[in-house]
file model.txt (compact mmCIF, C-alpha atoms and all ligand atoms)
# COMPACT_ATOMS: atom_id res chain seq x y z
CA MET A 1 18.64 13.93 26.96
CA ALA A 2 17.30 15.20 23.63
CA LYS A 3 13.56 15.60 23.48
CA PRO A 4 11.74 12.90 21.48
CA HIS A 5 10.22 14.18 18.24
CA ILE A 6 6.46 13.89 17.96
CA LEU A 7 3.99 14.66 15.20
CA GLN A 8 0.96 16.64 16.38
CA VAL A 9 -1.94 15.87 14.05
CA GLY A 10 -4.50 18.43 15.24
CA PRO A 11 -4.59 21.46 17.54
CA TYR A 12 -5.02 21.25 21.32
CA PRO A 13 -6.12 23.92 23.78
CA GLN A 14 -3.41 26.36 24.85
CA TRP A 15 -3.04 24.68 28.25
CA ASP A 16 -1.89 21.52 26.45
CA GLU A 17 0.36 23.15 23.89
CA GLU A 18 2.83 24.53 26.44
CA PRO A 19 3.60 21.34 28.37
CA LEU A 20 3.65 19.35 25.12
CA ASN A 21 6.28 21.68 23.67
CA GLU A 22 8.26 21.57 26.88
CA ALA A 23 8.50 17.80 26.90
CA PHE A 24 8.79 17.09 23.18
CA GLN A 25 10.10 18.41 19.90
CA VAL A 26 6.70 18.98 18.32
CA HIS A 27 6.02 18.98 14.56
CA ARG A 28 2.64 20.57 13.85
CA TYR A 29 1.19 18.55 10.98
CA PHE A 30 -2.08 20.49 10.92
CA GLU A 31 -0.26 23.73 10.13
CA ALA A 32 1.68 22.34 7.16
CA GLU A 33 0.44 23.49 3.79
CA ASP A 34 1.93 20.61 1.85
CA LYS A 35 1.21 17.65 4.14
CA GLN A 36 3.05 15.14 1.95
CA ALA A 37 6.23 17.22 1.78
CA PHE A 38 6.01 17.90 5.53
CA LEU A 39 5.73 14.19 6.32
CA SER A 40 8.69 13.33 4.08
CA GLN A 41 10.75 15.99 5.81
CA VAL A 42 9.97 15.29 9.49
CA GLY A 43 8.72 11.67 9.30
CA PRO A 44 12.10 9.94 9.82
CA GLN A 45 12.65 11.79 13.13
CA VAL A 46 9.18 11.14 14.53
CA ARG A 47 9.00 8.62 17.40
CA GLY A 48 5.52 9.52 18.63
CA ILE A 49 2.22 10.80 17.23
CA ALA A 50 -0.21 12.88 19.30
CA THR A 51 -3.57 12.90 17.58
CA ARG A 52 -7.29 13.43 18.24
CA GLY A 53 -10.04 10.82 18.27
CA GLU A 54 -11.68 11.98 15.09
CA LEU A 55 -8.40 12.52 13.20
CA GLY A 56 -6.50 9.37 14.13
CA ALA A 57 -3.50 8.30 12.04
CA ASN A 58 -3.81 6.52 8.71
CA ARG A 59 -1.42 4.08 7.05
CA THR A 60 0.21 6.79 4.89
CA MET A 61 1.05 8.82 7.97
CA ILE A 62 2.29 5.79 9.89
CA GLU A 63 4.43 4.60 6.98
CA ALA A 64 5.94 8.06 6.59
CA CYS A 65 7.36 7.70 10.12
CA PRO A 66 9.68 4.64 10.00
CA ASN A 67 10.89 5.22 13.58
CA LEU A 68 7.43 5.59 15.06
CA GLU A 69 6.96 3.84 18.42
CA VAL A 70 3.74 5.17 19.93
CA ILE A 71 0.47 6.92 19.02
CA SER A 72 -1.39 8.78 21.76
CA VAL A 73 -5.04 9.55 20.99
CA TYR A 74 -6.88 12.49 22.58
CA GLY A 75 -10.23 10.70 22.73
CA VAL A 76 -11.65 7.33 23.70
CA GLY A 77 -12.39 6.32 20.09
CA TYR A 78 -9.39 5.04 18.15
CA ASP A 79 -11.24 3.85 15.04
CA ALA A 80 -9.42 6.46 12.92
CA VAL A 81 -6.04 4.93 13.80
CA ASP A 82 -4.95 2.16 11.44
CA LEU A 83 -4.38 -0.51 14.07
CA GLY A 84 -3.37 -3.05 11.42
CA ALA A 85 -0.48 -0.84 10.32
CA CYS A 86 0.47 -0.33 13.99
CA ARG A 87 0.42 -4.06 14.78
CA GLU A 88 2.61 -4.84 11.76
CA ARG A 89 5.24 -2.42 13.08
CA GLY A 90 4.88 -3.03 16.83
CA ILE A 91 3.63 0.51 17.38
CA ARG A 92 1.83 1.07 20.68
CA VAL A 93 -1.47 2.99 20.78
CA THR A 94 -3.12 4.73 23.75
CA ASN A 95 -6.45 6.56 24.20
CA THR A 96 -8.24 8.56 26.91
CA PRO A 97 -11.04 6.38 28.34
CA ASP A 98 -12.90 7.03 31.62
CA VAL A 99 -12.04 10.72 31.97
CA LEU A 100 -14.68 11.69 29.38
CA THR A 101 -17.38 9.12 30.12
CA ASN A 102 -19.64 11.26 32.30
CA ASP A 103 -19.55 14.33 30.07
CA VAL A 104 -20.40 12.31 26.98
CA ALA A 105 -23.30 10.67 28.82
CA ASP A 106 -24.48 14.08 30.06
CA LEU A 107 -24.59 15.46 26.53
CA GLY A 108 -26.58 12.45 25.33
CA ILE A 109 -29.19 13.07 28.01
CA ALA A 110 -29.21 16.81 27.32
CA MET A 111 -29.78 16.15 23.61
CA MET A 112 -32.71 13.86 24.41
CA LEU A 113 -34.32 16.51 26.62
CA VAL A 114 -33.65 19.43 24.29
CA GLN A 115 -34.99 17.61 21.26
CA SER A 116 -37.97 15.97 22.90
CA ARG A 117 -39.18 19.12 24.64
CA GLY A 118 -38.37 21.39 21.68
CA ILE A 119 -36.22 23.66 23.85
CA ILE A 120 -34.33 25.34 21.00
CA GLY A 121 -37.53 26.12 19.10
CA ALA A 122 -39.10 27.32 22.33
CA GLU A 123 -36.33 29.80 22.91
CA THR A 124 -36.73 31.11 19.37
CA TRP A 125 -40.48 31.40 20.10
CA VAL A 126 -39.66 33.76 22.94
CA LYS A 127 -36.89 35.70 21.20
CA ASP A 128 -38.61 36.28 17.86
CA GLY A 129 -41.78 37.54 19.48
CA SER A 130 -43.91 34.52 18.53
CA TRP A 131 -44.99 34.05 22.16
CA ALA A 132 -46.49 37.51 22.30
CA ALA A 133 -47.80 37.43 18.73
CA LYS A 134 -49.05 33.84 18.38
CA GLY A 135 -49.53 32.64 21.94
CA LEU A 136 -48.71 29.21 23.28
CA TYR A 137 -45.77 27.19 21.99
CA PRO A 138 -46.76 23.89 20.30
CA LEU A 139 -46.84 20.95 22.69
CA LYS A 140 -43.93 18.51 22.68
CA ARG A 141 -43.36 14.96 23.88
CA ARG A 142 -42.69 13.75 27.42
CA VAL A 143 -39.38 12.14 28.34
CA TRP A 144 -39.88 10.60 31.79
CA GLY A 145 -41.47 7.18 32.04
CA ARG A 146 -40.91 6.30 28.39
CA LYS A 147 -38.77 3.53 26.89
CA ALA A 148 -35.10 3.87 26.19
CA GLY A 149 -32.72 1.58 24.33
CA VAL A 150 -28.95 1.73 24.69
CA LEU A 151 -26.99 0.25 21.81
CA GLY A 152 -23.62 -0.65 23.32
CA LEU A 153 -23.52 -0.91 27.11
CA GLY A 154 -19.86 -0.04 27.59
CA ARG A 155 -18.61 2.70 29.89
CA ILE A 156 -20.55 5.50 28.16
CA GLY A 157 -23.69 3.45 27.52
CA PHE A 158 -23.80 2.42 31.16
CA GLU A 159 -23.56 6.02 32.35
CA VAL A 160 -26.35 7.00 29.94
CA ALA A 161 -28.51 4.18 31.31
CA LYS A 162 -27.74 5.20 34.91
CA ARG A 163 -28.96 8.72 34.17
CA LEU A 164 -32.07 7.45 32.37
CA ARG A 165 -33.08 5.61 35.54
CA GLY A 166 -33.59 9.02 37.11
CA PHE A 167 -36.32 9.62 34.53
CA ASP A 168 -38.11 6.40 35.54
CA MET A 169 -37.62 4.99 32.09
CA GLY A 170 -37.84 1.36 31.07
CA ILE A 171 -34.31 0.61 29.90
CA ALA A 172 -33.16 -2.11 27.52
CA TYR A 173 -29.81 -2.56 25.83
CA SER A 174 -28.04 -4.48 23.08
CA ASP A 175 -24.47 -5.63 23.16
CA VAL A 176 -22.47 -8.65 22.04
CA SER A 177 -23.50 -10.36 25.29
CA ALA A 178 -25.55 -9.63 28.42
CA LYS A 179 -23.62 -7.56 30.95
CA PRO A 180 -23.42 -8.63 34.61
CA TYR A 181 -23.53 -4.98 35.72
CA ALA A 182 -26.77 -4.21 33.85
CA GLU A 183 -29.03 -4.55 36.85
CA GLY A 184 -32.66 -3.66 36.13
CA MET A 185 -32.05 -3.36 32.39
CA GLU A 186 -33.34 -5.77 29.84
CA PHE A 187 -30.92 -7.44 27.44
CA VAL A 188 -32.18 -7.52 23.85
CA SER A 189 -29.54 -8.96 21.58
CA ASP A 190 -31.07 -7.82 18.27
CA PRO A 191 -30.65 -4.07 17.63
CA VAL A 192 -33.79 -4.07 15.44
CA GLU A 193 -35.84 -5.53 18.30
CA LEU A 194 -34.24 -3.01 20.67
CA ALA A 195 -35.28 -0.16 18.37
CA ARG A 196 -38.81 -1.54 18.04
CA ARG A 197 -39.35 -1.35 21.79
CA SER A 198 -37.64 2.04 22.27
CA ASP A 199 -38.89 5.61 22.17
CA PHE A 200 -35.31 6.86 22.46
CA LEU A 201 -32.40 4.90 21.01
CA PHE A 202 -28.93 5.90 22.21
CA VAL A 203 -25.97 4.81 20.08
CA THR A 204 -22.99 4.41 22.39
CA LEU A 205 -20.93 1.76 20.62
CA ALA A 206 -17.19 1.89 20.03
CA ALA A 207 -16.90 2.06 16.24
CA SER A 208 -15.17 -0.66 14.25
CA ALA A 209 -15.47 -2.38 10.88
CA GLU A 210 -17.99 -4.76 12.51
CA THR A 211 -20.28 -2.00 13.78
CA ARG A 212 -20.28 0.00 10.53
CA HIS A 213 -23.91 0.93 9.67
CA ILE A 214 -25.22 -1.25 12.49
CA VAL A 215 -27.98 1.34 12.64
CA GLY A 216 -29.28 0.79 9.13
CA ARG A 217 -32.69 0.90 7.47
CA ALA A 218 -34.13 -1.93 9.56
CA VAL A 219 -33.20 -0.34 12.91
CA ILE A 220 -34.37 3.10 11.80
CA GLU A 221 -37.66 1.74 10.52
CA ALA A 222 -38.20 -0.18 13.76
CA LEU A 223 -37.65 3.00 15.81
CA GLY A 224 -40.39 4.58 13.71
CA PRO A 225 -42.20 7.91 13.31
CA GLU A 226 -42.48 8.46 17.07
CA GLY A 227 -38.90 7.43 17.83
CA MET A 228 -35.74 9.45 18.40
CA LEU A 229 -32.20 8.39 17.53
CA ILE A 230 -29.38 9.89 19.61
CA ASN A 231 -25.80 9.36 18.41
CA ILE A 232 -22.90 10.23 20.69
CA SER A 233 -20.53 7.60 19.29
CA ARG A 234 -19.25 7.70 15.70
CA ALA A 235 -21.01 8.54 12.44
CA SER A 236 -19.91 5.24 10.89
CA ASN A 237 -22.23 3.36 13.26
CA ILE A 238 -25.18 4.80 11.34
CA ASP A 239 -26.14 4.50 7.69
CA GLU A 240 -26.42 8.24 7.13
CA GLU A 241 -28.20 7.94 3.78
CA ALA A 242 -30.89 5.75 5.36
CA LEU A 243 -31.14 8.16 8.29
CA LEU A 244 -31.55 11.21 6.05
CA GLU A 245 -34.21 9.49 3.96
CA ALA A 246 -36.13 8.42 7.07
CA LEU A 247 -35.96 11.91 8.60
CA GLU A 248 -37.01 13.57 5.35
CA SER A 249 -39.96 11.23 4.88
CA ARG A 250 -40.82 11.33 8.62
CA GLN A 251 -40.50 7.56 8.83
CA LEU A 252 -38.25 8.40 11.74
CA GLY A 253 -39.54 10.95 14.24
CA SER A 254 -36.32 12.77 15.02
CA ALA A 255 -32.61 12.53 15.66
CA ALA A 256 -30.04 14.22 17.87
CA LEU A 257 -26.54 13.88 16.45
CA ASP A 258 -23.08 14.86 17.68
CA VAL A 259 -21.13 13.14 14.89
CA PHE A 260 -21.31 13.11 11.08
CA GLU A 261 -19.71 11.48 8.07
CA GLY A 262 -17.03 13.84 6.75
CA GLU A 263 -17.38 16.18 9.73
CA PRO A 264 -17.02 19.10 10.15
CA LYS A 265 -18.45 19.35 6.63
CA LEU A 266 -21.74 17.57 7.08
CA ASN A 267 -24.24 16.59 4.43
CA PRO A 268 -26.24 19.81 3.72
CA ARG A 269 -29.46 17.78 3.74
CA PHE A 270 -29.18 17.74 7.54
CA LEU A 271 -29.34 21.54 7.60
CA ALA A 272 -32.70 21.62 5.83
CA LEU A 273 -34.41 19.37 8.39
CA ASP A 274 -36.56 20.59 11.27
CA ASN A 275 -36.55 17.24 13.09
CA VAL A 276 -32.85 17.02 13.93
CA LEU A 277 -30.68 18.49 16.65
CA LEU A 278 -27.13 18.97 15.36
CA GLN A 279 -24.10 19.27 17.62
CA PRO A 280 -20.45 19.89 16.63
CA HIS A 281 -18.84 16.70 18.01
CA HIS A 282 -18.39 18.15 21.46
CA ALA A 283 -19.75 15.51 23.82
CA SER A 284 -16.43 15.48 25.69
CA GLY A 285 -16.10 19.26 25.33
CA THR A 286 -15.86 20.57 28.88
CA VAL A 287 -12.82 22.35 30.32
CA GLU A 288 -12.50 19.73 33.06
CA THR A 289 -12.60 16.73 30.75
CA ARG A 290 -10.45 18.24 28.02
CA LYS A 291 -7.77 19.09 30.64
CA ALA A 292 -7.83 15.49 31.86
CA MET A 293 -7.67 14.18 28.27
CA GLY A 294 -4.67 16.38 27.43
CA GLN A 295 -2.87 15.29 30.58
CA LEU A 296 -3.47 11.63 29.75
CA VAL A 297 -2.19 12.09 26.19
CA ARG A 298 1.08 13.49 27.59
CA ASP A 299 1.31 11.01 30.47
CA ASN A 300 1.05 8.11 28.04
CA LEU A 301 3.74 9.57 25.77
CA MET A 302 6.02 10.26 28.71
CA ALA A 303 5.48 6.81 30.19
CA HIS A 304 6.45 5.28 26.86
CA PHE A 305 9.61 7.35 26.41
CA ASP A 306 10.61 6.76 30.06
CA GLY A 307 10.23 3.01 29.58
CA ARG A 308 7.30 2.79 32.02
CA ALA A 309 4.01 0.95 31.49
CA LEU A 310 1.44 2.85 29.41
CA LEU A 311 -1.45 4.19 31.49
CA THR A 312 -4.29 3.48 29.06
CA PRO A 313 -3.04 1.21 26.29
CA VAL A 314 -5.18 0.12 23.36
CA ILE A 315 -2.45 -2.13 21.94
C1 LIG B 1 -12.75 13.71 20.36
C2 LIG B 1 -13.93 11.69 20.59
O1 LIG B 1 -11.58 13.04 20.55
O2 LIG B 1 -13.35 10.63 22.59
C3 LIG B 1 -13.56 10.52 21.40
O3 LIG B 1 -13.49 9.44 20.82
O4 LIG B 1 -14.32 11.58 19.48
C4 LIG B 1 -13.81 13.06 21.14
O5 LIG B 1 -13.62 13.14 22.49
C5 LIG B 1 -12.67 15.15 20.73
O6 LIG B 1 -13.41 15.84 19.79
C6 LIG B 1 -11.29 15.66 20.75
O7 LIG B 1 -10.67 15.53 19.53
call {"tool": "encode", "arguments": {"input": "model.txt", "output": "C-alpha cells"}}
result
Amino acid sequence: MAKPHILQVGPYPQWDEEPLNEAFQVHRYFEAEDKQAFLSQVGPQVRGIATRGELGANRTMIEACPNLEVISVYGVGYDAVDLGACRERGIRVTNTPDVLTNDVADLGIAMMLVQSRGIIGAETWVKDGSWAAKGLYPLKRRVWGRKAGVLGLGRIGFEVAKRLRGFDMGIAYSDVSAKPYAEGMEFVSDPVELARRSDFLFVTLAASAETRHIVGRAVIEALGPEGMLINISRASNIDEEALLEALESRQLGSAALDVFEGEPKLNPRFLALDNVLLQPHHASGTVETRKAMGQLVRDNLMAHFDGRALLTPVI
C-alpha cells in the first residue's frame, strides 16, 4: 500500500525522523522557503499533519489540505491547532498527554528552587571571583514551609502539587470546580484570592480562549512584591504587558517563565530584568519524554491510517 502523505510542521529529533519517513511520505513544511507555494503544491496530497505543541496548525494550513484527515500534535497543548476548522471538516486531532506530565512538573519545581534561592546568581558569584573578592553571597528566600497556589489542577498541576507537599508547603488551587483528588489542598475558586494567599503561584492551565490573560493585573498585584509567578503552561494565560510592568516596578517580586508571547523571539524587556528566570520552552525536554512523545505522535497517525481507535484523541 502507498504510504500516506503527511505534512511535518516542525523538526523532530533524529530518532523520530527515521521511523516517520519509513511509515509516511513526509513533506517538510519547516524547510520550505516559500510556505504558501509549498502548501499549494503538496496540500492536496496531504492526509495527515504532524506538528508540535507550540506550532499547531492554523486555518490557512488546514484549508490548504482538502484531503486532511488527522492532525497529530507533539505536545499536550493543542491551543495552536484551529479546532473550529478541524470540526467543520471532521478532522481528528491527537496530542501527547501523560508522557510529559512528570518532567513538566519537575521543571516547575526546579524553577521555583533556582529562582528563590538565587542559584544562577550564586554560581556566577563563584565563577566571576565575587566570592573571593566580596565575600558572602546575598541571602535569598526560603522555599519549604511557604504557601503555594496552583492555577489549574489538571494532570500537570496535580503533579506540581504532589511535589510541593514534599516541601511542607500549604497548598491551594483554583480550577473550574473543586477536584475530588485534591486531598489536603484548599480549593479557592477566585484566581485573585489564590494569588493573594500564595508566595509561589504556578500556572498549569491548558490554554484556551477562556483562559487568555487569566493572570492579569489583578492576579499579579495580589501576588505582590514578595510573590513569585511560575509559568509552565502557555504564554497566553498571562497578560505579558502587565507582567513586565509589575516586574519592572517591583510590584511583583519575581517570575520564572518557560513560555513567551512570540517565542522564541521574546520581548527584549525580559532580558533587561534581574528578577526573572527565563527558560526556552523546554519543560518536556528530556530524552525519555521526547522519545515517548515522538512514539505517540506516530502511533496516533498509524492507528488512524490503519482504521484503529486513536490512542490519545482530542477530537
Ligand atoms: C512542546 C508543549 O510541544 O506539550 C506541550 O504542550 O508545549 C511542549 O511539550 C515541545 O516544545 C515540543 O514541541
call {"tool": "residues_around", "arguments": {"input": "model.txt", "residues": "stretch 31-47 of chain A", "least_positions_apart": "3", "cutoff": "10 Å", "atoms": "all atoms listed in the file", "output": "PyMOL selection string"}}
result
chain A and resi 4-11+25-28+60-71+91+301+305
call {"tool": "atom_distance", "arguments": {"input": "model.txt", "atom1": "atom CA of A:Arg92", "atom2": "atom CA of A:Gly48"}}
result
9.4 Å
call {"tool": "atom_distance", "arguments": {"input": "model.txt", "atom1": "atom CA of A:Val176", "atom2": "atom CA of A:Leu201"}}
result
16.8 Å
call {"tool": "closest_residue", "arguments": {"input": "model.txt", "among": "A:Asn21, A:Ser236, A:Ser249, A:Thr94", "to": "A:Val314", "atoms": "all atoms listed in the file"}}
result
A:Thr94
call {"tool": "closest_residue", "arguments": {"input": "model.txt", "among": "A:Glu22, A:Asp199, A:Glu186, A:Asp258", "to": "ligand LIG 1 (chain B)", "atoms": "only C-alpha atoms and all ligand atoms"}}
result
A:Asp258
call {"tool": "closest_residue", "arguments": {"input": "model.txt", "among": "A:Ala178, A:Leu136, A:Ala110, A:Val81", "to": "ligand LIG 1 (chain B)", "atoms": "only C-alpha atoms and all ligand atoms"}}
result
A:Val81
call {"tool": "residues_near_point", "arguments": {"input": "model.txt", "point": "(-36.8, 21.8, 24.5)", "cutoff": "12 Å", "atoms": "all atoms listed in the file", "output": "NGL selection string"}}
result
:A and (110-125 or 137-143 or 277)
call {"tool": "residues_near_ligand", "arguments": {"input": "model.txt", "ligand": "ligand LIG 1 (chain B)", "cutoff": "6 Å", "atoms": "all atoms listed in the file", "output": "PDB file with C-alpha atoms, keeping the file's coordinate frame"}}
result
ATOM      1  CA  ARG A  52      -7.290  13.430  18.240  1.00  0.00           C
ATOM      2  CA  GLY A  53     -10.040  10.820  18.270  1.00  0.00           C
ATOM      3  CA  GLU A  54     -11.680  11.980  15.090  1.00  0.00           C
ATOM      4  CA  TYR A  74      -6.880  12.490  22.580  1.00  0.00           C
ATOM      5  CA  GLY A  75     -10.230  10.700  22.730  1.00  0.00           C
ATOM      6  CA  VAL A  76     -11.650   7.330  23.700  1.00  0.00           C
ATOM      7  CA  GLY A  77     -12.390   6.320  20.090  1.00  0.00           C
ATOM      8  CA  HIS A 281     -18.840  16.700  18.010  1.00  0.00           C
ATOM      9  CA  HIS A 282     -18.390  18.150  21.460  1.00  0.00           C
ATOM     10  CA  SER A 284     -16.430  15.480  25.690  1.00  0.00           C
TER      11      SER A 284
END
call {"tool": "atom_distance", "arguments": {"input": "model.txt", "atom1": "atom CA of A:Asp128", "atom2": "atom CA of A:Ile230"}}
result
28.0 Å
call {"tool": "residues_near_point", "arguments": {"input": "model.txt", "point": "(-33.2, 2.0, 27.0)", "cutoff": "6 Å", "atoms": "all atoms listed in the file", "output": "list in words"}}
result
Lys147, Ala148, Gly149, Val150, Ile171, Ala172 and Tyr173 of chain A
call {"tool": "closest_residue", "arguments": {"input": "model.txt", "among": "A:Ala206, A:Pro313, A:Leu266, A:Val297", "to": "A:Ala50", "atoms": "only C-alpha atoms"}}
result
A:Val297
call {"tool": "closest_residue", "arguments": {"input": "model.txt", "among": "A:Lys3, A:Arg290, A:Lys179, A:Arg298", "to": "A:Ile49", "atoms": "all atoms listed in the file"}}
result
A:Arg298
call {"tool": "closest_residue", "arguments": {"input": "model.txt", "among": "A:Asp239, A:Asp106, A:Glu193, A:Glu183", "to": "A:Arg163", "atoms": "only C-alpha atoms"}}
result
A:Asp106
call {"tool": "build_atoms", "arguments": {"input": "model.txt", "residues": "stretch 70-100 of chain A", "atoms": "N, CA and C atoms", "output": "compact mmCIF listing (two decimals), keeping the file's coordinate frame"}}
result
# COMPACT_ATOMS: atom_id res chain seq x y z
N VAL A 70 4.97 5.06 19.14
CA VAL A 70 3.74 5.17 19.93
C VAL A 70 2.80 6.23 19.34
N ILE A 71 1.49 5.94 19.44
CA ILE A 71 0.47 6.92 19.02
C ILE A 71 -0.44 7.17 20.22
N SER A 72 -0.56 8.43 20.61
CA SER A 72 -1.39 8.78 21.76
C SER A 72 -2.61 9.54 21.26
N VAL A 73 -3.80 8.97 21.51
CA VAL A 73 -5.04 9.55 20.99
C VAL A 73 -5.75 10.37 22.07
N TYR A 74 -6.11 11.58 21.71
CA TYR A 74 -6.88 12.49 22.58
C TYR A 74 -8.35 12.16 22.29
N GLY A 75 -8.88 11.19 22.99
CA GLY A 75 -10.23 10.70 22.73
C GLY A 75 -10.30 9.24 23.11
N VAL A 76 -11.51 8.75 23.36
CA VAL A 76 -11.65 7.33 23.70
C VAL A 76 -11.71 6.49 22.42
N GLY A 77 -12.25 7.06 21.34
CA GLY A 77 -12.39 6.32 20.09
C GLY A 77 -11.08 6.32 19.31
N TYR A 78 -10.65 5.14 18.90
CA TYR A 78 -9.39 5.04 18.15
C TYR A 78 -9.64 4.40 16.79
N ASP A 79 -10.89 4.46 16.32
CA ASP A 79 -11.24 3.85 15.04
C ASP A 79 -10.55 4.52 13.85
N ALA A 80 -10.09 5.76 14.03
CA ALA A 80 -9.42 6.46 12.92
C ALA A 80 -7.92 6.16 12.89
N VAL A 81 -7.44 5.35 13.83
CA VAL A 81 -6.04 4.93 13.80
C VAL A 81 -5.99 3.58 13.09
N ASP A 82 -5.08 3.44 12.14
CA ASP A 82 -4.95 2.16 11.44
C ASP A 82 -4.21 1.17 12.35
N LEU A 83 -4.99 0.41 13.10
CA LEU A 83 -4.38 -0.51 14.07
C LEU A 83 -3.61 -1.63 13.38
N GLY A 84 -4.07 -2.01 12.18
CA GLY A 84 -3.37 -3.05 11.42
C GLY A 84 -1.94 -2.61 11.12
N ALA A 85 -1.81 -1.37 10.63
CA ALA A 85 -0.48 -0.84 10.32
C ALA A 85 0.37 -0.76 11.59
N CYS A 86 -0.26 -0.43 12.71
CA CYS A 86 0.47 -0.33 13.99
C CYS A 86 0.94 -1.72 14.44
N ARG A 87 0.05 -2.69 14.36
CA ARG A 87 0.42 -4.06 14.78
C ARG A 87 1.59 -4.59 13.96
N GLU A 88 1.53 -4.36 12.65
CA GLU A 88 2.61 -4.84 11.76
C GLU A 88 3.97 -4.29 12.20
N ARG A 89 3.97 -3.08 12.75
CA ARG A 89 5.24 -2.42 13.08
C ARG A 89 5.52 -2.39 14.58
N GLY A 90 4.68 -3.01 15.37
CA GLY A 90 4.88 -3.03 16.83
C GLY A 90 4.71 -1.66 17.46
N ILE A 91 3.86 -0.84 16.85
CA ILE A 91 3.63 0.51 17.38
C ILE A 91 2.55 0.45 18.46
N ARG A 92 2.82 1.05 19.61
CA ARG A 92 1.83 1.07 20.68
C ARG A 92 0.81 2.19 20.45
N VAL A 93 -0.41 1.99 20.94
CA VAL A 93 -1.47 2.99 20.78
C VAL A 93 -2.15 3.19 22.14
N THR A 94 -2.40 4.45 22.51
CA THR A 94 -3.12 4.73 23.75
C THR A 94 -4.31 5.64 23.45
N ASN A 95 -5.29 5.66 24.35
CA ASN A 95 -6.45 6.56 24.20
C ASN A 95 -6.77 7.20 25.56
N THR A 96 -7.89 7.89 25.64
CA THR A 96 -8.24 8.56 26.91
C THR A 96 -9.64 8.10 27.40
N PRO A 97 -9.74 6.86 27.83
CA PRO A 97 -11.04 6.38 28.34
C PRO A 97 -11.32 6.95 29.72
N ASP A 98 -12.48 6.70 30.25
CA ASP A 98 -12.90 7.03 31.62
C ASP A 98 -13.05 8.52 31.90
N VAL A 99 -11.99 9.30 31.59
CA VAL A 99 -12.04 10.72 31.97
C VAL A 99 -13.17 11.48 31.27
N LEU A 100 -13.63 10.96 30.12
CA LEU A 100 -14.68 11.69 29.38
C LEU A 100 -16.06 11.06 29.49
